[in-house]
>>> print(open('target-v8.csv').read())   # CSV, C-alpha atoms
chain,number,residue,atom,x,y,z
A,1,MET,CA,291.2,74.5,142.7
A,2,TYR,CA,289.4,73.2,139.7
A,3,ASP,CA,290.5,72.5,136.1
A,4,SER,CA,293.6,73.8,134.3
A,5,ARG,CA,293.9,72.2,130.9
A,6,GLY,CA,295.8,74.9,129.1
A,7,ALA,CA,297.8,73.5,126.2
A,8,ARG,CA,296.3,70.1,126.7
A,9,ALA,CA,293.0,71.5,125.5
A,10,ALA,CA,294.6,73.3,122.7
A,11,ALA,CA,296.4,70.1,121.6
A,12,ARG,CA,293.1,68.4,121.0
A,13,ALA,CA,291.3,71.4,119.6
A,14,GLY,CA,292.4,70.8,116.0
A,15,ALA,CA,290.4,67.6,115.8
A,16,LEU,CA,287.7,68.6,118.2
A,17,GLY,CA,285.0,69.8,115.8
A,18,ALA,CA,285.1,66.8,113.5
A,19,ALA,CA,285.5,64.2,116.2
A,20,LEU,CA,282.7,65.5,118.4
A,21,LEU,CA,280.4,66.0,115.4
A,22,LEU,CA,280.9,62.4,114.5
A,23,ALA,CA,280.4,61.4,118.1
A,24,GLY,CA,277.2,63.5,118.4
A,25,CYS,CA,275.8,61.9,115.3
A,26,SER,CA,276.5,58.4,116.4
A,27,SER,CA,275.4,58.6,120.0
A,28,GLY,CA,272.0,57.4,121.2
A,29,GLY,CA,269.4,60.0,120.7
A,30,GLY,CA,271.0,61.4,117.5
A,31,SER,CA,270.2,60.6,113.9
A,32,GLY,CA,272.4,57.5,113.7
A,33,GLY,CA,273.0,54.4,115.8
A,34,PRO,CA,275.2,54.0,118.8
A,35,GLU,CA,279.0,53.7,118.7
A,36,PRO,CA,280.2,50.2,118.1
A,37,ALA,CA,280.7,48.3,121.4
A,38,VAL,CA,284.2,47.2,122.5
A,39,GLY,CA,284.5,43.6,123.5
A,40,ARG,CA,281.6,42.8,125.8
A,41,GLN,CA,281.1,46.5,126.8
A,42,PRO,CA,278.0,48.2,125.4
A,43,ALA,CA,278.4,51.6,123.6
A,44,ILE,CA,278.3,54.9,125.4
A,45,THR,CA,274.9,56.5,124.6
A,46,GLN,CA,272.7,59.4,125.7
A,47,GLN,CA,270.7,59.4,128.9
A,48,PRO,CA,266.8,59.7,128.7
A,49,LYS,CA,266.1,63.2,127.6
A,50,GLU,CA,263.1,63.7,129.8
A,51,THR,CA,265.2,63.4,133.0
A,52,ASP,CA,268.6,64.3,131.8
A,53,PRO,CA,268.7,66.6,128.8
A,54,PHE,CA,272.5,67.2,128.9
A,55,TRP,CA,274.9,65.8,126.3
A,56,VAL,CA,277.0,62.7,127.1
A,57,ASN,CA,280.5,63.0,125.4
A,58,PRO,CA,281.3,59.5,124.0
A,59,ASP,CA,284.9,60.5,123.5
A,60,SER,CA,285.5,61.6,127.1
A,61,ASN,CA,288.5,60.5,129.2
A,62,ALA,CA,286.2,58.1,131.0
A,63,ALA,CA,284.9,56.7,127.8
A,64,ARG,CA,288.4,56.1,126.6
A,65,GLN,CA,289.2,54.4,129.8
A,66,VAL,CA,286.3,52.1,129.5
A,67,LYS,CA,287.6,51.1,126.1
A,68,ALA,CA,291.1,50.6,127.4
A,69,TYR,CA,290.0,48.4,130.3
A,70,ALA,CA,287.7,46.4,128.0
A,71,THR,CA,290.5,45.9,125.5
A,72,ALA,CA,292.8,44.7,128.3
A,73,GLY,CA,290.1,42.2,129.5
A,74,LYS,CA,289.4,44.2,132.7
A,75,ASP,CA,285.7,44.0,132.3
A,76,GLY,CA,285.0,44.7,136.0
A,77,ASP,CA,287.0,47.9,136.0
A,78,ALA,CA,285.5,48.9,132.7
A,79,GLU,CA,282.0,48.5,134.1
A,80,GLN,CA,282.9,50.7,137.1
A,81,ILE,CA,284.3,53.5,134.9
A,82,ARG,CA,281.2,53.2,132.8
A,83,LYS,CA,279.3,54.8,135.7
A,84,ILE,CA,281.3,58.0,134.9
A,85,ALA,CA,281.4,57.6,131.1
A,86,ALA,CA,277.7,57.2,130.7
A,87,GLN,CA,276.8,60.5,132.4
A,88,PRO,CA,277.0,64.0,131.0
A,89,THR,CA,279.8,66.1,132.6
A,90,GLY,CA,281.0,69.6,132.2
A,91,GLU,CA,283.2,70.5,129.3
A,92,TRP,CA,285.8,73.1,130.5
A,93,ILE,CA,286.6,75.4,127.7
A,94,GLY,CA,290.4,76.0,127.3
A,95,PRO,CA,292.1,79.3,126.8
A,96,GLU,CA,293.6,78.9,123.3
A,97,ASN,CA,290.7,77.8,121.0
A,98,PRO,CA,287.5,78.8,122.9
A,99,GLU,CA,285.4,79.4,119.8
A,100,ARG,CA,286.3,76.1,118.2
A,101,GLU,CA,285.8,74.2,121.4
A,102,ALA,CA,282.5,75.8,122.2
A,103,ARG,CA,281.3,75.2,118.6
A,104,GLY,CA,282.4,71.6,118.6
A,105,PHE,CA,280.7,70.7,121.9
A,106,THR,CA,277.4,72.6,121.2
A,107,GLU,CA,277.1,71.2,117.6
A,108,ALA,CA,277.7,67.7,118.8
A,109,ALA,CA,275.1,68.1,121.6
A,110,GLN,CA,272.6,69.7,119.2
A,111,LYS,CA,272.9,66.8,116.7
A,112,SER,CA,272.1,64.4,119.6
A,113,GLY,CA,269.1,66.5,120.6
A,114,ARG,CA,270.8,67.5,123.9
A,115,THR,CA,272.1,70.6,125.7
A,116,ALA,CA,275.8,71.1,126.1
A,117,LEU,CA,277.1,71.7,129.6
A,118,LEU,CA,280.1,74.1,129.5
A,119,VAL,CA,282.3,75.5,132.3
A,120,LEU,CA,284.0,78.8,131.8
A,121,TYR,CA,287.1,79.3,133.9
A,122,ASP,CA,289.5,81.9,132.6
A,123,ILE,CA,289.1,84.9,134.8
A,124,PRO,CA,292.4,86.9,135.3
A,125,HIS,CA,294.3,86.0,138.5
A,126,ARG,CA,292.5,82.7,138.7
A,127,ASP,CA,292.8,80.5,141.7
A,128,CYS,CA,295.1,82.9,143.6
A,129,GLY,CA,298.3,81.2,142.5
A,130,GLN,CA,297.2,77.7,143.6
A,131,TYR,CA,297.0,74.4,141.6
A,132,SER,CA,294.8,75.9,138.8
A,133,GLN,CA,296.5,79.3,138.7
A,134,GLY,CA,296.4,81.3,135.4
A,135,GLY,CA,293.5,82.7,133.5
A,136,ALA,CA,293.4,85.5,130.9
A,137,ALA,CA,296.3,87.9,130.8
A,138,ASP,CA,294.0,90.9,131.5
A,139,GLY,CA,290.5,92.3,131.2
A,140,ASP,CA,290.6,92.8,127.5
A,141,ALA,CA,291.9,89.3,126.9
A,142,TYR,CA,289.1,87.9,129.0
A,143,ARG,CA,286.4,89.9,127.2
A,144,ALA,CA,287.8,88.6,123.9
A,145,TRP,CA,287.7,85.1,125.2
A,146,ILE,CA,284.1,85.3,126.4
A,147,ASP,CA,283.2,86.8,123.0
A,148,ALA,CA,284.9,83.9,121.3
A,149,VAL,CA,282.9,81.4,123.4
A,150,ALA,CA,279.7,83.2,122.6
A,151,ASN,CA,280.6,83.1,118.9
A,152,GLY,CA,281.1,79.4,119.2
A,153,VAL,CA,277.9,78.7,121.0
A,154,GLN,CA,275.7,81.0,118.9
A,155,ASP,CA,272.0,79.9,119.2
A,156,ARG,CA,272.6,76.3,120.1
A,157,PRO,CA,271.4,75.0,123.5
A,158,ALA,CA,274.0,75.4,126.3
A,159,THR,CA,274.0,75.6,130.0
A,160,ILE,CA,277.0,77.4,131.3
A,161,VAL,CA,278.6,77.4,134.8
A,162,LEU,CA,280.5,80.7,135.0
A,163,GLU,CA,283.8,81.1,136.7
A,164,PRO,CA,284.2,78.8,139.7
A,165,ASP,CA,285.6,80.6,142.7
A,166,ALA,CA,285.7,84.0,141.0
A,167,VAL,CA,283.3,85.7,143.5
A,168,LEU,CA,284.2,83.5,146.4
A,169,HIS,CA,287.9,84.3,146.3
A,170,LEU,CA,287.1,88.0,146.4
A,171,VAL,CA,285.0,87.4,149.5
A,172,ASP,CA,287.5,85.2,151.4
A,173,GLY,CA,290.4,87.5,150.5
A,174,CYS,CA,292.3,85.0,148.4
A,175,THR,CA,292.1,87.4,145.4
A,176,PRO,CA,293.6,90.8,146.3
A,177,ALA,CA,291.1,93.6,146.7
A,178,ARG,CA,292.8,95.7,144.0
A,179,PHE,CA,291.4,93.2,141.4
A,180,ALA,CA,287.8,93.4,142.7
A,181,GLU,CA,286.4,96.2,140.6
A,182,GLU,CA,287.7,94.8,137.3
A,183,ARG,CA,286.5,91.3,138.2
A,184,TYR,CA,283.0,92.4,139.0
A,185,ASP,CA,282.9,94.3,135.7
A,186,LEU,CA,284.2,91.2,133.8
A,187,LEU,CA,281.6,88.9,135.3
A,188,ARG,CA,278.7,91.3,134.6
A,189,GLY,CA,279.9,91.6,131.0
A,190,ALA,CA,280.3,87.9,130.6
A,191,ILE,CA,276.7,87.3,131.9
A,192,ALA,CA,275.4,90.0,129.6
A,193,ARG,CA,277.2,88.6,126.5
A,194,LEU,CA,276.2,85.0,127.2
A,195,LYS,CA,272.6,85.9,128.0
A,196,SER,CA,272.4,87.7,124.6
A,197,LEU,CA,272.4,84.2,123.0
A,198,LYS,CA,269.1,82.7,122.2
A,199,ASN,CA,269.3,79.3,124.1
A,200,THR,CA,271.9,79.8,126.7
A,201,ARG,CA,271.4,79.4,130.5
A,202,VAL,CA,274.0,80.9,132.8
A,203,TYR,CA,274.7,80.0,136.4
A,204,LEU,CA,277.3,82.1,138.3
A,205,ASP,CA,279.4,80.1,140.8
A,206,ALA,CA,278.4,80.9,144.5
A,207,GLY,CA,280.7,78.7,146.6
A,208,ASN,CA,279.6,75.7,148.7
A,209,ALA,CA,278.0,74.7,152.0
A,210,GLY,CA,281.3,74.5,153.9
A,211,TRP,CA,283.1,77.7,153.2
A,212,GLY,CA,281.1,80.3,155.1
A,213,HIS,CA,277.6,81.8,155.3
A,214,PRO,CA,275.3,83.2,152.5
A,215,ASP,CA,275.4,86.6,154.2
A,216,GLN,CA,279.0,86.9,153.2
A,217,ILE,CA,278.5,86.4,149.5
A,218,TYR,CA,275.0,87.5,148.4
A,219,GLN,CA,276.0,91.2,147.9
A,220,PRO,CA,279.1,90.3,145.9
A,221,LEU,CA,277.0,88.0,143.8
A,222,GLN,CA,274.6,90.9,143.1
A,223,GLN,CA,277.6,93.1,142.3
A,224,ALA,CA,278.8,90.5,139.8
A,225,GLY,CA,275.4,90.5,138.0
A,226,VAL,CA,273.6,87.4,139.3
A,227,SER,CA,270.3,89.2,138.8
A,228,GLN,CA,270.9,89.0,135.0
A,229,ALA,CA,271.9,85.3,135.1
A,230,ASP,CA,269.5,82.3,135.3
A,231,GLY,CA,270.8,81.6,138.8
A,232,PHE,CA,273.9,80.4,140.6
A,233,ALA,CA,275.9,77.2,141.0
A,234,VAL,CA,276.9,75.6,144.3
A,235,ASN,CA,279.4,72.9,145.4
A,236,VAL,CA,281.4,73.0,142.1
A,237,SER,CA,284.3,70.6,142.3
A,238,ASN,CA,283.5,70.0,146.0
A,239,PHE,CA,282.1,67.3,148.2
A,240,TYR,CA,279.3,68.6,150.4
A,241,SER,CA,276.1,66.6,150.5
A,242,THR,CA,273.2,67.4,148.2
A,243,GLN,CA,271.0,68.1,151.2
A,244,ASP,CA,273.5,70.5,152.7
A,245,SER,CA,273.9,72.1,149.3
A,246,ILE,CA,270.2,72.6,148.9
A,247,THR,CA,270.0,74.2,152.4
A,248,TYR,CA,272.9,76.6,151.5
A,249,GLY,CA,271.4,77.3,148.1
A,250,LYS,CA,267.9,78.1,149.4
A,251,GLN,CA,269.3,80.4,152.1
A,252,LEU,CA,271.3,82.3,149.4
A,253,SER,CA,268.4,82.3,147.0
A,254,ARG,CA,266.3,84.2,149.5
A,255,LYS,CA,268.9,86.9,149.5
A,256,VAL,CA,269.3,87.3,145.7
A,257,GLY,CA,265.7,87.6,144.6
A,258,GLY,CA,264.6,84.0,144.7
A,259,LYS,CA,267.1,82.9,142.0
A,260,HIS,CA,267.2,79.2,141.1
A,261,PHE,CA,270.4,77.2,141.4
A,262,VAL,CA,272.2,74.1,140.3
A,263,ILE,CA,274.3,71.7,142.4
A,264,ASP,CA,277.5,69.8,141.4
A,265,THR,CA,276.8,66.3,142.7
A,266,SER,CA,279.7,64.7,140.8
A,267,ARG,CA,281.7,63.5,143.8
A,268,ASN,CA,279.5,64.1,146.9
A,269,GLY,CA,278.3,60.6,147.4
A,270,ASN,CA,280.1,60.3,150.8
A,271,GLY,CA,280.1,63.9,151.7
A,272,PRO,CA,283.2,66.0,152.6
A,273,TYR,CA,286.5,64.6,153.8
A,274,ALA,CA,287.2,65.2,157.5
A,275,GLY,CA,290.9,64.1,157.6
A,276,GLY,CA,294.2,65.8,157.0
A,277,ALA,CA,294.9,69.6,156.9
A,278,PRO,CA,291.6,71.5,156.7
A,279,ASP,CA,292.9,73.7,153.9
A,280,GLN,CA,293.6,70.7,151.7
A,281,ARG,CA,290.5,68.5,152.3
A,282,TRP,CA,289.1,69.6,149.0
A,283,CYS,CA,292.1,68.3,147.0
A,284,ASN,CA,291.8,64.7,145.9
A,285,PRO,CA,290.4,63.5,149.2
A,286,PRO,CA,290.3,59.7,149.6
A,287,GLY,CA,287.2,57.6,150.3
A,288,ARG,CA,284.9,59.7,148.2
A,289,ALA,CA,282.1,58.5,145.9
A,290,LEU,CA,280.0,59.5,142.9
A,291,GLY,CA,276.9,61.5,143.8
A,292,GLU,CA,273.4,61.7,142.3
A,293,THR,CA,273.5,61.3,138.6
A,294,PRO,CA,272.8,64.5,136.5
A,295,THR,CA,269.1,65.3,136.2
A,296,THR,CA,266.6,68.1,136.0
A,297,LYS,CA,264.2,66.1,138.2
A,298,THR,CA,265.5,67.3,141.6
A,299,ALA,CA,264.3,67.3,145.2
A,300,ASP,CA,263.4,71.0,145.3
A,301,PRO,CA,261.7,73.4,142.8
A,302,LEU,CA,264.5,76.0,143.3
A,303,VAL,CA,267.1,73.4,142.2
A,304,ASP,CA,267.1,73.5,138.4
A,305,ALA,CA,269.5,70.5,138.0
A,306,TYR,CA,272.0,68.2,139.6
A,307,LEU,CA,275.0,68.4,137.4
A,308,TRP,CA,278.4,66.8,137.2
A,309,VAL,CA,280.3,70.0,136.7
A,310,LYS,CA,283.7,68.6,137.8
A,311,ARG,CA,284.5,65.6,135.7
A,312,PRO,CA,284.9,62.7,138.1
A,313,GLY,CA,288.4,61.1,137.8
A,314,GLU,CA,290.2,64.3,136.8
A,315,SER,CA,292.7,65.5,139.4
A,316,ASP,CA,292.2,68.5,141.7
A,317,GLY,CA,296.0,69.2,141.6
A,318,THR,CA,299.3,67.7,142.6
A,319,CYS,CA,298.3,66.7,146.1
A,320,LYS,CA,297.9,63.3,147.7
A,321,GLY,CA,299.8,61.7,144.8
A,322,GLY,CA,297.6,63.3,142.1
A,323,PRO,CA,298.7,64.6,138.6
A,324,ARG,CA,298.2,68.2,137.5
A,325,ALA,CA,294.8,69.8,138.0
A,326,GLY,CA,292.5,68.6,135.2
A,327,ASP,CA,294.6,65.5,134.3
A,328,TRP,CA,292.8,62.2,134.1
A,329,TRP,CA,293.6,59.9,137.0
A,330,PRO,CA,292.3,56.4,136.4
A,331,ALA,CA,293.0,55.1,139.9
A,332,TYR,CA,291.1,57.9,141.5
A,333,ALA,CA,288.2,57.5,139.0
A,334,LEU,CA,288.0,53.8,139.8
A,335,LYS,CA,287.8,54.5,143.6
A,336,LEU,CA,285.1,57.1,143.1
A,337,ALA,CA,283.0,54.6,141.1
A,338,GLN,CA,283.6,51.8,143.5
A,339,GLY,CA,282.7,54.0,146.4
A,340,SER,CA,279.3,54.6,144.8
A,341,ASP,CA,278.5,50.9,145.4
A,342,ASN,CA,278.4,51.4,149.2
>>> encode(input="target-v8.csv", output="structure tokens")
Amino acid sequence: MYDSRGARAAARAGALGAALLLAGCSSGGGSGGPEPAVGRQPAITQQPKETDPFWVNPDSNAARQVKAYATAGKDGDAEQIRKIAAQPTGEWIGPENPEREARGFTEAAQKSGRTALLVLYDIPHRDCGQYSQGGAADGDAYRAWIDAVANGVQDRPATIVLEPDAVLHLVDGCTPARFAEERYDLLRGAIARLKSLKNTRVYLDAGNAGWGHPDQIYQPLQQAGVSQADGFAVNVSNFYSTQDSITYGKQLSRKVGGKHFVIDTSRNGNGPYAGGAPDQRWCNPPGRALGETPTTKTADPLVDAYLWVKRPGESDGTCKGGPRAGDWWPAYALKLAQGSDN
């Protein structure tokens, strides 16, 4: 349901550290000047730290698309995609080089005086065999993967969204019950390992405003170790409005000890899609728009941040004409950006 980069992440991992370190040093807010502009397009720089402390990756798919459009003389399209490229988005750590990727992103972010936003999505039996199926081969492989991520992050600032859908799919029955005990143990272990780091905040995924009721998930979240996390995340890769997400999150917070939460606002500007088959409305829905830009200045004290966890413009899966889950889809990205003008 989310992002499945697999070998695509590994293919870029060899150059990741050096490339992102250079990017981090040359982005606004770091020790050097901004990247050179392409054509009439200004450089991709960091957002003001006081409202948005998260790192903007100047080598993201969106940033590359801005350059491509500018080089082709499509300045209008470049300016639309800049709405995505200029914002910090989640970096989804791949399965094959987790330590190298986590180190590259967090080092680049630290050099820009920012916090890396990482998404960890490798739980065994991931996504119930749907578009983003896969994950670690077994529990031991997952523990080793989490340990590698932690070794890559070390004491550098990082905010981590942990395992989209992992708890939700136990609750809704998508993941077979025979995997429940191991999954809860893996999530508790992941939270403990990541929270052992000096400057890491961890938010366990807790579904969205449209799937069900907080009464159905609060006990599973407790069993998964949410009390040891900084809080939980809602609306990851989904489209429910910020207000509906706040309402859902506050109801859930009351049931899990007043925990704070973060909201994925990356594509919720027009709310959820109401057409087509109900079980496919989440997948590359048409007519959507970018939501509130990432910030820690939110509308409620329980909401620690609005985040772009899902990277706008990357496919949900091979539905409605989309490429594989996690692949960059320029046409869809452009429509999301244009929709935010409404």
>>> atom_distance(input="target-v8.csv", atom1="CA of Gln219 in chain A", atom2="CA of Val256 in chain A")
8.1 Å
>>> residues_around(input="target-v8.csv", residues="Lys320 in chain A", least_positions_apart="6", cutoff="10 Å", atoms="only C-alpha atoms", output="list of chain:residue names")
A:Gln280, A:Cys283, A:Asn284, A:Pro285, A:Pro286
>>> residues_around(input="target-v8.csv", residues="range 86-98 of chain A", least_positions_apart="4", cutoff="9 Å", atoms="all atoms listed in the file", output="ChimeraX atom specification")
/A:3-10,13-14,44-47,52-58,62-63,81-82,102-103,105,116-122,135-136,145-146,148-150,152,160-161,266,293-294,307-312
>>> residues_around(input="target-v8.csv", residues="range 267-272 of chain A", least_positions_apart="2", cutoff="7 Å", atoms="all atoms listed in the file", output="PyMOL selection string")
chain A and resi 239-241+265+274+288-291+312+340
>>> closest_residue(input="target-v8.csv", among="A:Pro301, A:Gly225, A:Gly275, A:Pro164", to="Asn238 in chain A", atoms="all atoms listed in the file")
A:Pro164
>>> build_atoms(input="target-v8.csv", residues="range 286-297 of chain A", atoms="N, CA, C and O atoms", output="PDB file, keeping the file's coordinate frame")
ATOM      1  N   PRO A 286     290.599  61.128 149.789  1.00  0.00           N
ATOM      2  CA  PRO A 286     290.300  59.700 149.600  1.00  0.00           C
ATOM      3  C   PRO A 286     288.936  59.337 150.139  1.00  0.00           C
ATOM      4  O   PRO A 286     288.284  60.118 150.841  1.00  0.00           O
ATOM      5  N   GLY A 287     288.484  58.165 149.747  1.00  0.00           N
ATOM      6  CA  GLY A 287     287.200  57.600 150.300  1.00  0.00           C
ATOM      7  C   GLY A 287     285.978  58.322 149.802  1.00  0.00           C
ATOM      8  O   GLY A 287     284.920  58.160 150.405  1.00  0.00           O
ATOM      9  N   ARG A 288     286.049  59.066 148.713  1.00  0.00           N
ATOM     10  CA  ARG A 288     284.900  59.700 148.200  1.00  0.00           C
ATOM     11  C   ARG A 288     284.132  58.857 147.199  1.00  0.00           C
ATOM     12  O   ARG A 288     284.626  57.820 146.792  1.00  0.00           O
ATOM     13  N   ALA A 289     282.956  59.304 146.770  1.00  0.00           N
ATOM     14  CA  ALA A 289     282.100  58.500 145.900  1.00  0.00           C
ATOM     15  C   ALA A 289     281.341  59.400 144.929  1.00  0.00           C
ATOM     16  O   ALA A 289     281.108  60.581 145.224  1.00  0.00           O
ATOM     17  N   LEU A 290     280.935  58.834 143.810  1.00  0.00           N
ATOM     18  CA  LEU A 290     280.000  59.500 142.900  1.00  0.00           C
ATOM     19  C   LEU A 290     278.750  59.893 143.609  1.00  0.00           C
ATOM     20  O   LEU A 290     278.271  59.149 144.469  1.00  0.00           O
ATOM     21  N   GLY A 291     278.164  61.043 143.238  1.00  0.00           N
ATOM     22  CA  GLY A 291     276.900  61.500 143.800  1.00  0.00           C
ATOM     23  C   GLY A 291     275.729  61.187 142.896  1.00  0.00           C
ATOM     24  O   GLY A 291     275.830  60.392 141.943  1.00  0.00           O
ATOM     25  N   GLU A 292     274.603  61.864 143.176  1.00  0.00           N
ATOM     26  CA  GLU A 292     273.400  61.700 142.300  1.00  0.00           C
ATOM     27  C   GLU A 292     273.763  61.958 140.876  1.00  0.00           C
ATOM     28  O   GLU A 292     274.504  62.892 140.572  1.00  0.00           O
ATOM     29  N   THR A 293     273.228  61.151 139.996  1.00  0.00           N
ATOM     30  CA  THR A 293     273.500  61.300 138.600  1.00  0.00           C
ATOM     31  C   THR A 293     272.795  62.599 138.064  1.00  0.00           C
ATOM     32  O   THR A 293     271.781  63.036 138.619  1.00  0.00           O
ATOM     33  N   PRO A 294     273.336  63.215 137.022  1.00  0.00           N
ATOM     34  CA  PRO A 294     272.800  64.500 136.500  1.00  0.00           C
ATOM     35  C   PRO A 294     271.289  64.291 136.110  1.00  0.00           C
ATOM     36  O   PRO A 294     270.898  63.294 135.493  1.00  0.00           O
ATOM     37  N   THR A 295     270.505  65.283 136.459  1.00  0.00           N
ATOM     38  CA  THR A 295     269.100  65.300 136.200  1.00  0.00           C
ATOM     39  C   THR A 295     268.481  66.638 136.383  1.00  0.00           C
ATOM     40  O   THR A 295     269.014  67.439 137.153  1.00  0.00           O
ATOM     41  N   THR A 296     267.388  66.905 135.720  1.00  0.00           N
ATOM     42  CA  THR A 296     266.600  68.100 136.000  1.00  0.00           C
ATOM     43  C   THR A 296     265.421  67.771 136.917  1.00  0.00           C
ATOM     44  O   THR A 296     264.648  68.667 137.266  1.00  0.00           O
ATOM     45  N   LYS A 297     265.276  66.521 137.305  1.00  0.00           N
ATOM     46  CA  LYS A 297     264.200  66.100 138.200  1.00  0.00           C
ATOM     47  C   LYS A 297     264.860  66.070 139.636  1.00  0.00           C
ATOM     48  O   LYS A 297     265.437  65.080 140.077  1.00  0.00           O
TER      49      LYS A 297
END
